[in-house]
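What follows is my_file_7.tsv (TSV, C-alpha atoms).
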chain	number	residue	atom	x	y	z
A	105	MET	CA	0.00	0.00	0.00
A	106	GLN	CA	2.81	2.40	0.89
A	107	ARG	CA	4.55	1.52	-2.36
A	108	ASN	CA	1.41	2.32	-4.38
A	109	LEU	CA	0.96	5.58	-2.49
A	110	LEU	CA	4.55	6.59	-3.22
A	111	LEU	CA	4.13	5.70	-6.88
A	112	SER	CA	0.93	7.78	-7.06
A	113	LEU	CA	2.68	10.79	-5.54
A	114	LEU	CA	5.57	10.40	-7.98
A	115	ILE	CA	3.14	10.32	-10.91
A	116	TRP	CA	1.46	13.49	-9.61
A	117	LEU	CA	4.83	15.24	-9.24
A	118	LEU	CA	5.75	14.10	-12.75
A	119	GLU	CA	2.52	15.64	-14.01
A	120	ILE	CA	3.43	18.98	-12.40
A	121	ILE	CA	6.93	18.85	-13.90
A	122	LEU	CA	5.56	18.07	-17.36
A	123	VAL	CA	3.02	20.88	-17.11
A	124	ALA	CA	5.69	23.38	-16.03
A	125	SER	CA	8.05	22.18	-18.77
A	126	PHE	CA	5.83	21.96	-21.84
A	127	VAL	CA	2.58	23.87	-21.31
A	128	SER	CA	2.63	27.45	-22.56
A	129	ASP	CA	1.67	30.37	-20.34
A	130	ARG	CA	-0.95	31.35	-22.90
A	131	TRP	CA	-2.58	27.93	-22.56
A	132	THR	CA	-2.75	28.21	-18.76
A	133	ARG	CA	-4.49	31.58	-19.07
A	134	GLU	CA	-6.97	30.08	-21.52
A	135	ILE	CA	-7.65	27.27	-19.03
A	136	GLN	CA	-8.42	29.81	-16.32
A	137	THR	CA	-10.70	31.78	-18.65
A	138	THR	CA	-12.56	28.63	-19.73
A	139	GLU	CA	-13.05	27.43	-16.16
A	140	ASP	CA	-14.29	30.87	-15.13
A	141	LYS	CA	-16.94	30.64	-17.85
A	142	MET	CA	-17.90	27.15	-16.62
A	143	LEU	CA	-18.21	28.39	-13.05
A	144	ILE	CA	-20.34	31.35	-14.09
A	145	ALA	CA	-22.61	29.08	-16.13
A	146	TYR	CA	-23.00	26.60	-13.26
A	147	PHE	CA	-22.83	28.69	-10.07
A	148	GLY	CA	-23.49	32.22	-11.28
A	149	VAL	CA	-21.42	35.40	-11.39
A	150	GLU	CA	-21.44	36.06	-7.62
A	151	LYS	CA	-20.20	32.57	-6.66
A	152	ASP	CA	-17.53	32.68	-9.35
A	153	ALA	CA	-16.29	36.03	-8.06
A	154	GLU	CA	-16.28	34.70	-4.50
A	155	ILE	CA	-14.22	31.65	-5.52
A	156	ARG	CA	-11.71	33.79	-7.43
A	157	VAL	CA	-11.30	36.29	-4.59
A	158	THR	CA	-10.86	33.52	-2.01
A	159	SER	CA	-8.35	31.72	-4.24
A	160	GLN	CA	-6.31	34.87	-4.73
A	161	LYS	CA	-6.31	35.55	-0.98
A	162	TRP	CA	-5.00	32.07	-0.23
A	163	PHE	CA	-2.39	32.30	-2.98
A	164	ASP	CA	-1.16	35.68	-1.72
A	165	ARG	CA	-1.15	34.47	1.88
A	166	LEU	CA	0.83	31.32	1.11
A	167	PHE	CA	3.27	32.43	-1.57
A	168	VAL	CA	3.30	36.19	-2.11
A	169	ARG	CA	3.35	37.65	1.40
A	170	THR	CA	5.76	34.99	2.57
A	171	GLY	CA	8.16	35.91	-0.25
A	172	ILE	CA	8.32	32.37	-1.59
A	173	ARG	CA	7.34	33.28	-5.15
A	174	GLU	CA	9.75	36.21	-5.33
A	175	SER	CA	12.57	34.11	-3.87
A	176	ILE	CA	12.10	31.39	-6.47
A	177	TYR	CA	12.12	33.92	-9.30
A	178	HIS	CA	15.24	35.52	-7.85
A	179	TYR	CA	16.94	32.14	-7.44
A	180	PHE	CA	16.64	31.28	-11.14
A	181	ILE	CA	16.69	34.76	-12.75
A	182	PRO	CA	19.46	37.27	-11.93
A	183	THR	CA	18.60	40.88	-11.25
A	184	GLU	CA	20.01	43.74	-13.30
A	185	ARG	CA	22.44	44.59	-10.51
A	186	GLU	CA	23.71	41.02	-10.44
A	187	ARG	CA	24.20	41.17	-14.20
A	188	GLN	CA	26.30	44.32	-13.94
A	189	LEU	CA	28.46	42.76	-11.22
A	190	SER	CA	29.13	39.74	-13.47
A	191	LYS	CA	31.72	41.30	-15.76
A	192	GLY	CA	31.72	39.75	-19.19
A	193	PHE	CA	28.45	37.89	-18.59
A	194	GLU	CA	26.02	40.81	-18.50
A	195	GLU	CA	24.14	39.71	-21.64
A	196	VAL	CA	24.34	35.94	-21.16
A	197	GLY	CA	20.84	34.46	-21.36
A	198	ARG	CA	19.14	37.88	-21.31
A	199	TYR	CA	17.09	37.29	-24.46
A	200	ASP	CA	16.82	33.51	-24.62
A	201	LEU	CA	17.53	31.41	-21.51
A	202	PHE	CA	16.15	33.60	-18.72
A	203	PRO	CA	12.96	34.63	-20.57
A	204	PHE	CA	12.33	30.92	-21.14
A	205	ILE	CA	12.92	30.16	-17.45
A	206	GLN	CA	10.59	32.99	-16.45
A	207	SER	CA	7.84	31.67	-18.73
A	208	ARG	CA	8.22	28.19	-17.13
A	209	LEU	CA	8.01	29.70	-13.65
A	210	ASP	CA	4.94	31.70	-14.72
A	211	VAL	CA	3.28	28.46	-15.82
A	212	LEU	CA	4.26	26.79	-12.54
A	213	TRP	CA	2.72	29.55	-10.42
A	214	ASP	CA	-0.37	29.70	-12.63
A	215	THR	CA	-0.74	25.96	-12.03
A	216	VAL	CA	-0.39	26.45	-8.27
A	217	TYR	CA	-3.03	29.20	-8.34
A	218	GLN	CA	-5.34	27.02	-10.43
A	219	MET	CA	-4.86	24.15	-7.97
A	220	ILE	CA	-5.87	26.41	-5.08
A	221	LYS	CA	-8.86	27.64	-7.04
A	222	ARG	CA	-9.99	24.08	-7.76
A	223	LEU	CA	-9.64	23.24	-4.07
A	224	ILE	CA	-11.83	26.22	-3.18
A	225	MET	CA	-14.34	25.08	-5.79
A	226	ALA	CA	-14.29	21.56	-4.31
A	227	ARG	CA	-15.05	23.02	-0.89
A	228	VAL	CA	-18.36	24.27	-2.27
A	229	TRP	CA	-19.43	20.63	-2.65
A	230	LEU	CA	-18.74	19.64	0.98
A	231	PRO	CA	-22.47	19.62	1.92
A	232	PHE	CA	-23.14	17.33	-1.06
A	233	LEU	CA	-20.29	15.09	0.14
A	234	ALA	CA	-21.89	14.57	3.54
A	235	VAL	CA	-25.41	14.14	2.16
A	236	THR	CA	-24.21	11.55	-0.34
A	237	LEU	CA	-21.64	9.50	1.57
A	238	VAL	CA	-23.57	9.00	4.80
A	239	PRO	CA	-26.73	7.39	3.30
A	240	PHE	CA	-24.69	5.17	0.96
A	241	ALA	CA	-22.44	4.05	3.82
A	242	ILE	CA	-25.41	3.33	6.12
A	243	ASP	CA	-27.18	1.40	3.36
A	244	GLY	CA	-24.08	-0.71	2.79
A	245	LEU	CA	-23.77	-1.51	6.50
A	246	ILE	CA	-27.46	-2.43	6.68
A	247	ARG	CA	-27.09	-4.73	3.67
A	248	ARG	CA	-24.13	-6.38	5.38
A	249	LYS	CA	-26.19	-6.92	8.56
A	250	ILE	CA	-29.00	-8.44	6.53
A	251	SER	CA	-26.58	-10.81	4.78
A	252	GLN	CA	-25.32	-11.97	8.18
A	253	THR	CA	-28.80	-13.20	9.11
A	254	ASN	CA	-29.29	-15.39	6.05
A	255	PHE	CA	-27.24	-17.57	3.78
A	256	ASP	CA	-25.93	-14.79	1.54
A	257	TYR	CA	-22.17	-14.61	1.26
A	258	PRO	CA	-20.25	-11.39	0.56
A	259	SER	CA	-18.32	-11.21	-2.68
A	260	PRO	CA	-14.56	-10.87	-2.17
A	261	MET	CA	-14.22	-9.65	-5.75
A	262	ALA	CA	-16.84	-6.92	-5.30
A	263	HIS	CA	-15.22	-5.96	-2.00
A	264	ARG	CA	-11.76	-5.70	-3.57
A	265	TYR	CA	-12.75	-3.86	-6.73
A	266	SER	CA	-15.02	-1.43	-4.90
A	267	LEU	CA	-11.99	-0.46	-2.83
A	268	TYR	CA	-10.00	0.02	-6.03
A	269	ALA	CA	-12.83	2.14	-7.45
A	270	MET	CA	-12.87	4.38	-4.35
A	271	LEU	CA	-9.12	4.87	-4.37
A	272	GLY	CA	-9.11	5.43	-8.13
A	273	ALA	CA	-11.86	8.05	-7.99
A	274	VAL	CA	-10.17	9.90	-5.13
A	275	TYR	CA	-6.83	9.77	-6.96
A	276	LEU	CA	-8.34	11.10	-10.19
A	277	LEU	CA	-9.94	13.97	-8.27
A	278	PHE	CA	-6.55	14.63	-6.70
A	279	MET	CA	-4.82	14.55	-10.11
A	280	GLY	CA	-7.49	16.87	-11.46
A	281	LEU	CA	-6.13	19.67	-9.28
A	282	THR	CA	-3.19	20.16	-11.65
A	283	LEU	CA	-4.53	18.88	-14.97
A	284	PRO	CA	-3.55	21.20	-17.86
A	285	PHE	CA	-7.13	21.10	-19.13
A	286	PRO	CA	-10.32	22.85	-18.05
A	287	VAL	CA	-12.04	20.85	-15.29
A	288	PRO	CA	-15.84	21.31	-15.20
A	289	PRO	CA	-17.37	21.85	-11.75
A	290	GLN	CA	-19.69	18.89	-12.34
A	291	SER	CA	-16.72	16.51	-12.18
A	292	ILE	CA	-16.56	16.81	-8.39
A	293	PRO	CA	-20.12	15.59	-7.60
A	294	VAL	CA	-19.67	12.83	-10.18
A	295	GLY	CA	-16.50	11.72	-8.41
A	296	ILE	CA	-18.24	11.91	-5.04
A	297	PHE	CA	-21.11	9.76	-6.31
A	298	ILE	CA	-18.64	7.14	-7.61
A	299	VAL	CA	-16.89	7.06	-4.23
A	300	ALA	CA	-20.23	6.81	-2.41
A	301	PHE	CA	-21.48	3.95	-4.61
A	302	ALA	CA	-18.18	2.08	-4.30
A	303	MET	CA	-18.28	2.58	-0.52
A	304	ASN	CA	-21.77	1.10	-0.45
A	305	VAL	CA	-20.58	-2.01	-2.28
A	306	PHE	CA	-17.45	-2.19	-0.11
A	307	PHE	CA	-19.39	-2.17	3.16
A	308	ALA	CA	-22.08	-4.51	1.88
A	309	ASN	CA	-19.48	-7.10	0.86
A	310	THR	CA	-17.20	-6.89	3.87
A	311	GLN	CA	-16.35	-10.36	5.07
A	312	LYS	CA	-18.36	-11.71	7.99
A	313	ARG	CA	-16.51	-12.00	11.27
A	314	VAL	CA	-15.94	-15.51	12.48
Do you think you could lay out the structure here as structure tokens?
Amino acid sequence: MQRNLLLSLLIWLLEIILVASFVSDRWTREIQTTEDKMLIAYFGVEKDAEIRVTSQKWFDRLFVRTGIRESIYHYFIPTERERQLSKGFEEVGRYDLFPFIQSRLDVLWDTVYQMIKRLIMARVWLPFLAVTLVPFAIDGLIRRKISQTNFDYPSPMAHRYSLYAMLGAVYLLFMGLTLPFPVPPQSIPVGIFIVAFAMNVFFANTQKRV
């Protein structure tokens, strides 16, 4: 289990590296624009504005006010004063290497902002999460109790694959935070429903205690 978790985290980090390396800054801005239109169409203008303002506040609080973003830019891109102090190397990378590095860092920070924004959007669905998971879980437990009173046997295969379905759905939602494509707001309740249904099957087919 720990090995699979580590592999999943490595795949997610690889996704971030690939996005920062190959996705253009123009594309990331188009993603943000497209998702804003989706949010407006689904939640309305006021909710979209609230999500954007909250996302920007969290981004500023975590990375701007702390100086993290500025420090990373400064680490990879020399200032004009540092150029002048580097005699003979003042123009090295000025028009090719460092603009490229800056564009990659811009994409990275746009991805981080988009991830925060998607987390804020996911928080909107928390009431739906509780309303959906609890009844499905209770129904699964009741079905398990009923099966214990008769000759029905739980299915090990259904138990195993329902667990895989839950973990897979959660992992896909997690990966969706940094996907370089517009993520519709409806994807979150769909993922929650898949997790809830898989949880129902998982509980209903839990092995009987001896």
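Minimum atom-to-atom distance to Met303 (chain A), evaluated using all atoms listed in the file, belongs to A:Ala241 out of A:Leu271, A:Met279, A:Ala241, A:Ile172.
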Which residues of region 126-245 of chain A come within 12 Å of region 283-293 of chain A, and for each one, what is the closest pair of atoms and their distance in Å to one decimal, counting only C-alpha atoms, sorted by chain and residue number, as JSON lines?
{"residue": "A:Phe126", "atom": "CA", "partner": "A:Pro284", "partner_atom": "CA", "distance": 10.2}
{"residue": "A:Val127", "atom": "CA", "partner": "A:Pro284", "partner_atom": "CA", "distance": 7.5}
{"residue": "A:Ser128", "atom": "CA", "partner": "A:Pro284", "partner_atom": "CA", "distance": 10.0}
{"residue": "A:Asp129", "atom": "CA", "partner": "A:Pro284", "partner_atom": "CA", "distance": 10.8}
{"residue": "A:Arg130", "atom": "CA", "partner": "A:Pro284", "partner_atom": "CA", "distance": 11.6}
{"residue": "A:Trp131", "atom": "CA", "partner": "A:Pro284", "partner_atom": "CA", "distance": 8.3}
{"residue": "A:Thr132", "atom": "CA", "partner": "A:Pro284", "partner_atom": "CA", "distance": 7.1}
{"residue": "A:Arg133", "atom": "CA", "partner": "A:Pro284", "partner_atom": "CA", "distance": 10.5}
{"residue": "A:Glu134", "atom": "CA", "partner": "A:Pro286", "partner_atom": "CA", "distance": 8.7}
{"residue": "A:Ile135", "atom": "CA", "partner": "A:Pro286", "partner_atom": "CA", "distance": 5.3}
{"residue": "A:Gln136", "atom": "CA", "partner": "A:Pro286", "partner_atom": "CA", "distance": 7.4}
{"residue": "A:Thr137", "atom": "CA", "partner": "A:Pro286", "partner_atom": "CA", "distance": 9.0}
{"residue": "A:Thr138", "atom": "CA", "partner": "A:Pro286", "partner_atom": "CA", "distance": 6.4}
{"residue": "A:Glu139", "atom": "CA", "partner": "A:Pro286", "partner_atom": "CA", "distance": 5.7}
{"residue": "A:Asp140", "atom": "CA", "partner": "A:Pro286", "partner_atom": "CA", "distance": 9.4}
{"residue": "A:Lys141", "atom": "CA", "partner": "A:Pro288", "partner_atom": "CA", "distance": 9.8}
{"residue": "A:Met142", "atom": "CA", "partner": "A:Pro288", "partner_atom": "CA", "distance": 6.4}
{"residue": "A:Leu143", "atom": "CA", "partner": "A:Pro289", "partner_atom": "CA", "distance": 6.7}
{"residue": "A:Ile144", "atom": "CA", "partner": "A:Pro289", "partner_atom": "CA", "distance": 10.2}
{"residue": "A:Ala145", "atom": "CA", "partner": "A:Pro289", "partner_atom": "CA", "distance": 9.9}
{"residue": "A:Tyr146", "atom": "CA", "partner": "A:Pro289", "partner_atom": "CA", "distance": 7.5}
{"residue": "A:Phe147", "atom": "CA", "partner": "A:Pro289", "partner_atom": "CA", "distance": 8.9}
{"residue": "A:Asp152", "atom": "CA", "partner": "A:Pro289", "partner_atom": "CA", "distance": 11.1}
{"residue": "A:Val211", "atom": "CA", "partner": "A:Pro284", "partner_atom": "CA", "distance": 10.2}
{"residue": "A:Leu212", "atom": "CA", "partner": "A:Pro284", "partner_atom": "CA", "distance": 11.0}
{"residue": "A:Asp214", "atom": "CA", "partner": "A:Pro284", "partner_atom": "CA", "distance": 10.5}
{"residue": "A:Thr215", "atom": "CA", "partner": "A:Pro284", "partner_atom": "CA", "distance": 8.0}
{"residue": "A:Val216", "atom": "CA", "partner": "A:Leu283", "partner_atom": "CA", "distance": 10.9}
{"residue": "A:Gln218", "atom": "CA", "partner": "A:Leu283", "partner_atom": "CA", "distance": 9.4}
{"residue": "A:Met219", "atom": "CA", "partner": "A:Leu283", "partner_atom": "CA", "distance": 8.8}
{"residue": "A:Lys221", "atom": "CA", "partner": "A:Val287", "partner_atom": "CA", "distance": 11.1}
{"residue": "A:Arg222", "atom": "CA", "partner": "A:Val287", "partner_atom": "CA", "distance": 8.4}
{"residue": "A:Leu223", "atom": "CA", "partner": "A:Ile292", "partner_atom": "CA", "distance": 10.4}
{"residue": "A:Ile224", "atom": "CA", "partner": "A:Pro289", "partner_atom": "CA", "distance": 11.1}
{"residue": "A:Met225", "atom": "CA", "partner": "A:Pro289", "partner_atom": "CA", "distance": 7.4}
{"residue": "A:Ala226", "atom": "CA", "partner": "A:Ile292", "partner_atom": "CA", "distance": 6.7}
{"residue": "A:Arg227", "atom": "CA", "partner": "A:Ile292", "partner_atom": "CA", "distance": 9.9}
{"residue": "A:Val228", "atom": "CA", "partner": "A:Ile292", "partner_atom": "CA", "distance": 9.8}
{"residue": "A:Trp229", "atom": "CA", "partner": "A:Pro293", "partner_atom": "CA", "distance": 7.1}
{"residue": "A:Leu230", "atom": "CA", "partner": "A:Pro293", "partner_atom": "CA", "distance": 9.6}
{"residue": "A:Pro231", "atom": "CA", "partner": "A:Pro293", "partner_atom": "CA", "distance": 10.6}
{"residue": "A:Phe232", "atom": "CA", "partner": "A:Pro293", "partner_atom": "CA", "distance": 7.4}
{"residue": "A:Leu233", "atom": "CA", "partner": "A:Pro293", "partner_atom": "CA", "distance": 7.8}
{"residue": "A:Ala234", "atom": "CA", "partner": "A:Pro293", "partner_atom": "CA", "distance": 11.3}
{"residue": "A:Val235", "atom": "CA", "partner": "A:Pro293", "partner_atom": "CA", "distance": 11.2}
{"residue": "A:Thr236", "atom": "CA", "partner": "A:Pro293", "partner_atom": "CA", "distance": 9.3}
{"residue": "A:Leu237", "atom": "CA", "partner": "A:Pro293", "partner_atom": "CA", "distance": 11.1}
Could you save those same residues with C-alpha atoms as a short mmCIF file (atom, residue, chain, number, x, y, z; two decimals), in the frame of the given file?
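Wrote it out as out.cif, contents follow:
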data_model
loop_
_atom_site.label_atom_id
_atom_site.label_comp_id
_atom_site.auth_asym_id
_atom_site.auth_seq_id
_atom_site.Cartn_x
_atom_site.Cartn_y
_atom_site.Cartn_z
CA PHE A 126 5.83 21.96 -21.84
CA VAL A 127 2.58 23.87 -21.31
CA SER A 128 2.63 27.45 -22.56
CA ASP A 129 1.67 30.37 -20.34
CA ARG A 130 -0.95 31.35 -22.90
CA TRP A 131 -2.58 27.93 -22.56
CA THR A 132 -2.75 28.21 -18.76
CA ARG A 133 -4.49 31.58 -19.07
CA GLU A 134 -6.97 30.08 -21.52
CA ILE A 135 -7.65 27.27 -19.03
CA GLN A 136 -8.42 29.81 -16.32
CA THR A 137 -10.70 31.78 -18.65
CA THR A 138 -12.56 28.63 -19.73
CA GLU A 139 -13.05 27.43 -16.16
CA ASP A 140 -14.29 30.87 -15.13
CA LYS A 141 -16.94 30.64 -17.85
CA MET A 142 -17.90 27.15 -16.62
CA LEU A 143 -18.21 28.39 -13.05
CA ILE A 144 -20.34 31.35 -14.09
CA ALA A 145 -22.61 29.08 -16.13
CA TYR A 146 -23.00 26.60 -13.26
CA PHE A 147 -22.83 28.69 -10.07
CA ASP A 152 -17.53 32.68 -9.35
CA VAL A 211 3.28 28.46 -15.82
CA LEU A 212 4.26 26.79 -12.54
CA ASP A 214 -0.37 29.70 -12.63
CA THR A 215 -0.74 25.96 -12.03
CA VAL A 216 -0.39 26.45 -8.27
CA GLN A 218 -5.34 27.02 -10.43
CA MET A 219 -4.86 24.15 -7.97
CA LYS A 221 -8.86 27.64 -7.04
CA ARG A 222 -9.99 24.08 -7.76
CA LEU A 223 -9.64 23.24 -4.07
CA ILE A 224 -11.83 26.22 -3.18
CA MET A 225 -14.34 25.08 -5.79
CA ALA A 226 -14.29 21.56 -4.31
CA ARG A 227 -15.05 23.02 -0.89
CA VAL A 228 -18.36 24.27 -2.27
CA TRP A 229 -19.43 20.63 -2.65
CA LEU A 230 -18.74 19.64 0.98
CA PRO A 231 -22.47 19.62 1.92
CA PHE A 232 -23.14 17.33 -1.06
CA LEU A 233 -20.29 15.09 0.14
CA ALA A 234 -21.89 14.57 3.54
CA VAL A 235 -25.41 14.14 2.16
CA THR A 236 -24.21 11.55 -0.34
CA LEU A 237 -21.64 9.50 1.57
#
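Residues in contact with region 194-207 of chain A at 7 Å, where only C-alpha atoms are counted and same-chain residues fewer than 6 positions away are skipped, are listed as Asp129, Ile181, Arg187 and Gln188 of chain A.
Reported to one decimal place, the separation of CA of Ile246 (chain A) from CA of Ser259 (chain A) is 15.8 Å.
For the pair CA of Gln252 (chain A) and CA of Asn309 (chain A), the separation is 10.6 Å.
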